[in-house]
file coords28.cif (mmCIF, N, CA and C atoms)
data_final
#
loop_
_atom_site.label_atom_id
_atom_site.label_comp_id
_atom_site.auth_asym_id
_atom_site.auth_seq_id
_atom_site.Cartn_x
_atom_site.Cartn_y
_atom_site.Cartn_z
N MET A 1 8.26 22.11 -8.48
CA MET A 1 9.41 22.28 -7.63
C MET A 1 10.64 22.45 -8.52
N GLU A 2 11.49 23.40 -8.17
CA GLU A 2 12.69 23.66 -8.95
C GLU A 2 13.69 22.53 -8.81
N LYS A 3 14.30 22.16 -9.91
CA LYS A 3 15.31 21.10 -9.90
C LYS A 3 16.68 21.73 -10.07
N THR A 4 17.69 21.05 -9.52
CA THR A 4 19.06 21.51 -9.66
C THR A 4 19.96 20.32 -9.95
N LYS A 5 21.09 20.58 -10.53
CA LYS A 5 22.03 19.53 -10.90
C LYS A 5 22.87 19.15 -9.69
N LEU A 6 23.17 17.85 -9.57
CA LEU A 6 23.97 17.32 -8.47
C LEU A 6 25.01 16.38 -9.06
N THR A 7 26.24 16.52 -8.62
CA THR A 7 27.31 15.63 -9.08
C THR A 7 27.65 14.67 -7.95
N LEU A 8 27.63 13.38 -8.25
CA LEU A 8 27.98 12.35 -7.29
C LEU A 8 29.14 11.53 -7.83
N ARG A 9 30.00 11.08 -6.95
CA ARG A 9 31.10 10.20 -7.34
C ARG A 9 30.78 8.82 -6.78
N ILE A 10 30.46 7.90 -7.68
CA ILE A 10 30.07 6.54 -7.30
C ILE A 10 30.82 5.57 -8.20
N GLU A 11 31.20 4.44 -7.67
CA GLU A 11 31.93 3.45 -8.45
C GLU A 11 31.15 3.06 -9.70
N LYS A 12 31.87 2.92 -10.81
CA LYS A 12 31.25 2.67 -12.11
C LYS A 12 30.35 1.43 -12.13
N PRO A 13 30.76 0.30 -11.54
CA PRO A 13 29.86 -0.87 -11.57
C PRO A 13 28.52 -0.61 -10.86
N ILE A 14 28.55 0.19 -9.82
CA ILE A 14 27.32 0.52 -9.10
C ILE A 14 26.42 1.35 -10.00
N ILE A 15 27.00 2.31 -10.69
CA ILE A 15 26.22 3.16 -11.59
C ILE A 15 25.60 2.33 -12.71
N GLU A 16 26.40 1.46 -13.31
CA GLU A 16 25.89 0.64 -14.40
C GLU A 16 24.75 -0.26 -13.93
N SER A 17 24.91 -0.85 -12.76
CA SER A 17 23.86 -1.70 -12.20
C SER A 17 22.60 -0.88 -11.93
N ALA A 18 22.77 0.32 -11.40
CA ALA A 18 21.63 1.19 -11.11
C ALA A 18 20.91 1.61 -12.39
N LYS A 19 21.68 1.87 -13.44
CA LYS A 19 21.07 2.22 -14.74
C LYS A 19 20.25 1.05 -15.28
N ASP A 20 20.81 -0.14 -15.17
CA ASP A 20 20.07 -1.33 -15.61
C ASP A 20 18.78 -1.50 -14.82
N TYR A 21 18.85 -1.29 -13.50
CA TYR A 21 17.68 -1.40 -12.64
C TYR A 21 16.63 -0.37 -13.04
N ALA A 22 17.08 0.86 -13.26
CA ALA A 22 16.16 1.93 -13.65
C ALA A 22 15.47 1.60 -14.97
N GLN A 23 16.24 1.11 -15.94
CA GLN A 23 15.65 0.76 -17.23
C GLN A 23 14.64 -0.37 -17.09
N LEU A 24 14.99 -1.37 -16.29
CA LEU A 24 14.10 -2.49 -16.07
C LEU A 24 12.77 -2.04 -15.45
N HIS A 25 12.84 -1.02 -14.59
CA HIS A 25 11.65 -0.52 -13.91
C HIS A 25 11.06 0.73 -14.57
N GLN A 26 11.48 0.98 -15.81
CA GLN A 26 10.96 2.08 -16.62
C GLN A 26 10.99 3.42 -15.88
N THR A 27 12.15 3.75 -15.34
CA THR A 27 12.33 5.02 -14.66
C THR A 27 13.73 5.52 -14.99
N THR A 28 14.13 6.60 -14.35
CA THR A 28 15.47 7.16 -14.58
C THR A 28 16.30 7.03 -13.32
N LEU A 29 17.60 7.11 -13.50
CA LEU A 29 18.49 7.06 -12.35
C LEU A 29 18.25 8.27 -11.45
N SER A 30 17.99 9.41 -12.05
CA SER A 30 17.69 10.62 -11.26
C SER A 30 16.46 10.42 -10.38
N ARG A 31 15.42 9.81 -10.96
CA ARG A 31 14.20 9.58 -10.20
C ARG A 31 14.44 8.57 -9.07
N LEU A 32 15.24 7.52 -9.34
CA LEU A 32 15.57 6.55 -8.30
C LEU A 32 16.27 7.22 -7.12
N VAL A 33 17.27 8.05 -7.44
CA VAL A 33 18.01 8.73 -6.38
C VAL A 33 17.08 9.69 -5.62
N ALA A 34 16.26 10.42 -6.35
CA ALA A 34 15.34 11.37 -5.70
C ALA A 34 14.37 10.63 -4.78
N GLU A 35 13.82 9.51 -5.24
CA GLU A 35 12.88 8.75 -4.41
C GLU A 35 13.57 8.20 -3.16
N PHE A 36 14.80 7.72 -3.33
CA PHE A 36 15.54 7.22 -2.17
C PHE A 36 15.77 8.34 -1.17
N LEU A 37 16.24 9.49 -1.64
CA LEU A 37 16.50 10.61 -0.73
C LEU A 37 15.21 11.10 -0.07
N ARG A 38 14.11 11.07 -0.82
CA ARG A 38 12.82 11.46 -0.27
C ARG A 38 12.38 10.50 0.83
N SER A 39 12.79 9.23 0.70
CA SER A 39 12.38 8.22 1.69
C SER A 39 13.10 8.38 3.02
N LEU A 40 14.19 9.12 3.03
CA LEU A 40 14.93 9.36 4.27
C LEU A 40 14.19 10.42 5.07
N LYS A 41 13.93 10.11 6.32
CA LYS A 41 13.20 11.07 7.16
C LYS A 41 14.21 11.83 8.00
N THR A 42 14.08 13.14 7.99
CA THR A 42 15.01 13.97 8.75
C THR A 42 14.31 14.72 9.89
N SER A 43 13.05 14.45 10.11
CA SER A 43 12.29 15.19 11.12
C SER A 43 12.44 14.59 12.51
N GLY A 44 13.38 13.68 12.70
CA GLY A 44 13.56 13.06 14.00
C GLY A 44 12.75 11.79 14.18
N GLU A 45 11.90 11.45 13.22
CA GLU A 45 11.12 10.23 13.30
C GLU A 45 12.02 9.04 12.99
N THR A 46 11.68 7.90 13.54
CA THR A 46 12.42 6.69 13.21
C THR A 46 12.13 6.32 11.77
N SER A 47 13.19 6.10 11.02
CA SER A 47 13.04 5.77 9.61
C SER A 47 13.49 4.34 9.36
N HIS A 48 12.77 3.65 8.50
CA HIS A 48 13.13 2.30 8.10
C HIS A 48 13.68 2.36 6.68
N SER A 49 14.66 1.55 6.40
CA SER A 49 15.22 1.51 5.06
C SER A 49 14.18 0.96 4.09
N PRO A 50 14.32 1.30 2.80
CA PRO A 50 13.38 0.76 1.82
C PRO A 50 13.35 -0.77 1.81
N ILE A 51 14.49 -1.40 2.05
CA ILE A 51 14.52 -2.86 2.07
C ILE A 51 13.68 -3.38 3.23
N LEU A 52 13.84 -2.78 4.40
CA LEU A 52 13.05 -3.19 5.56
C LEU A 52 11.57 -2.97 5.30
N GLU A 53 11.23 -1.86 4.70
CA GLU A 53 9.83 -1.58 4.38
C GLU A 53 9.26 -2.65 3.45
N SER A 54 10.07 -3.08 2.46
CA SER A 54 9.56 -4.08 1.52
C SER A 54 9.38 -5.44 2.17
N LEU A 55 10.12 -5.71 3.24
CA LEU A 55 10.01 -6.99 3.93
C LEU A 55 8.93 -7.00 5.00
N SER A 56 8.50 -5.83 5.41
CA SER A 56 7.49 -5.73 6.47
C SER A 56 6.22 -6.45 6.05
N GLY A 57 5.69 -7.26 6.95
CA GLY A 57 4.44 -7.95 6.69
C GLY A 57 4.59 -9.31 6.05
N ILE A 58 5.81 -9.74 5.78
CA ILE A 58 6.01 -11.07 5.17
C ILE A 58 5.59 -12.17 6.14
N LEU A 59 5.96 -12.02 7.40
CA LEU A 59 5.59 -13.00 8.42
C LEU A 59 4.19 -12.66 8.92
N PRO A 60 3.26 -13.60 8.87
CA PRO A 60 1.90 -13.32 9.33
C PRO A 60 1.88 -12.80 10.78
N ALA A 61 0.96 -11.91 11.07
CA ALA A 61 0.89 -11.27 12.38
C ALA A 61 0.57 -12.25 13.50
N ASP A 62 -0.08 -13.36 13.17
CA ASP A 62 -0.46 -14.31 14.22
C ASP A 62 0.62 -15.37 14.51
N VAL A 63 1.81 -15.20 13.94
CA VAL A 63 2.92 -16.14 14.18
C VAL A 63 3.90 -15.47 15.14
N SER A 64 4.20 -16.17 16.24
CA SER A 64 5.13 -15.60 17.21
C SER A 64 6.56 -15.82 16.73
N LEU A 65 7.47 -15.06 17.30
CA LEU A 65 8.88 -15.19 16.97
C LEU A 65 9.38 -16.60 17.31
N GLU A 66 8.91 -17.13 18.42
CA GLU A 66 9.33 -18.48 18.83
C GLU A 66 8.84 -19.53 17.82
N GLU A 67 7.60 -19.38 17.35
CA GLU A 67 7.07 -20.31 16.35
C GLU A 67 7.88 -20.24 15.05
N HIS A 68 8.25 -19.04 14.69
CA HIS A 68 9.03 -18.87 13.47
C HIS A 68 10.42 -19.49 13.63
N ARG A 69 11.03 -19.29 14.77
CA ARG A 69 12.35 -19.90 15.03
C ARG A 69 12.25 -21.43 14.99
N ALA A 70 11.20 -21.98 15.59
CA ALA A 70 11.01 -23.44 15.58
C ALA A 70 10.84 -23.95 14.15
N TYR A 71 10.09 -23.20 13.34
CA TYR A 71 9.90 -23.58 11.94
C TYR A 71 11.25 -23.59 11.20
N LEU A 72 12.06 -22.54 11.42
CA LEU A 72 13.36 -22.47 10.75
C LEU A 72 14.29 -23.59 11.21
N GLU A 73 14.23 -23.92 12.51
CA GLU A 73 15.07 -25.01 13.02
C GLU A 73 14.65 -26.35 12.39
N ASP A 74 13.35 -26.58 12.24
CA ASP A 74 12.88 -27.79 11.59
C ASP A 74 13.29 -27.83 10.12
N LYS A 75 13.15 -26.69 9.47
CA LYS A 75 13.42 -26.64 8.04
C LYS A 75 14.91 -26.78 7.73
N TYR A 76 15.76 -26.08 8.51
CA TYR A 76 17.17 -26.04 8.21
C TYR A 76 18.03 -26.89 9.15
N GLY A 77 17.39 -27.54 10.13
CA GLY A 77 18.11 -28.44 11.01
C GLY A 77 19.11 -27.81 11.95
N ARG A 78 18.80 -26.65 12.42
CA ARG A 78 19.73 -25.98 13.35
C ARG A 78 19.44 -26.35 14.74
#
call {"tool": "encode", "arguments": {"input": "coords28.cif", "output": "structure tokens"}}
result
Amino acid sequence: MEKTKLTLRIEKPIIESAKDYAQLHQTTLSRLVAEFLRSLKTSGETSHSPILESLSGILPADVSLEEHRAYLEDKYGR
């Protein structure tokens, strides 16, 4: 696939943090941006953010929302 250059204006601290993240994960900033843009669905389908996708499945399927709320109330005293 043909690649083209893209210029973005982003705050310097964000860029520096993203570069550090890319280095830590042995990738490039260009690849991170490309993967993020690729993850956005434009075909009209409902899209979930990468953060939401990473959190999906943390709560076991056999636990109800009410049970989870009760657990949190016990744990945090709300």
call {"tool": "atom_distance", "arguments": {"input": "coords28.cif", "atom1": "atom N of Leu37 of chain A", "atom2": "atom N of Pro60 of chain A"}}
result
28.5 Å
call {"tool": "closest_residue", "arguments": {"input": "coords28.cif", "among": "A:Leu32, A:Ala70, A:Val63, A:Lys75", "to": "Ala18 of chain A", "atoms": "only C-alpha atoms"}}
result
A:Leu32
call {"tool": "atom_distance", "arguments": {"input": "coords28.cif", "atom1": "atom C of Lys3 of chain A", "atom2": "atom C of Ser39 of chain A"}}
result
19.0 Å
call {"tool": "select_by_dssp", "arguments": {"input": "coords28.cif", "residues": "chain A", "states": "helix (DSSP H, G or I)", "output": "PyMOL selection string"}}
result
chain A and resi 12-24+29-39+50-55+65-76
call {"tool": "atom_distance", "arguments": {"input": "coords28.cif", "atom1": "atom C of Glu16 of chain A", "atom2": "atom C of Ser30 of chain A"}}
result
14.0 Å
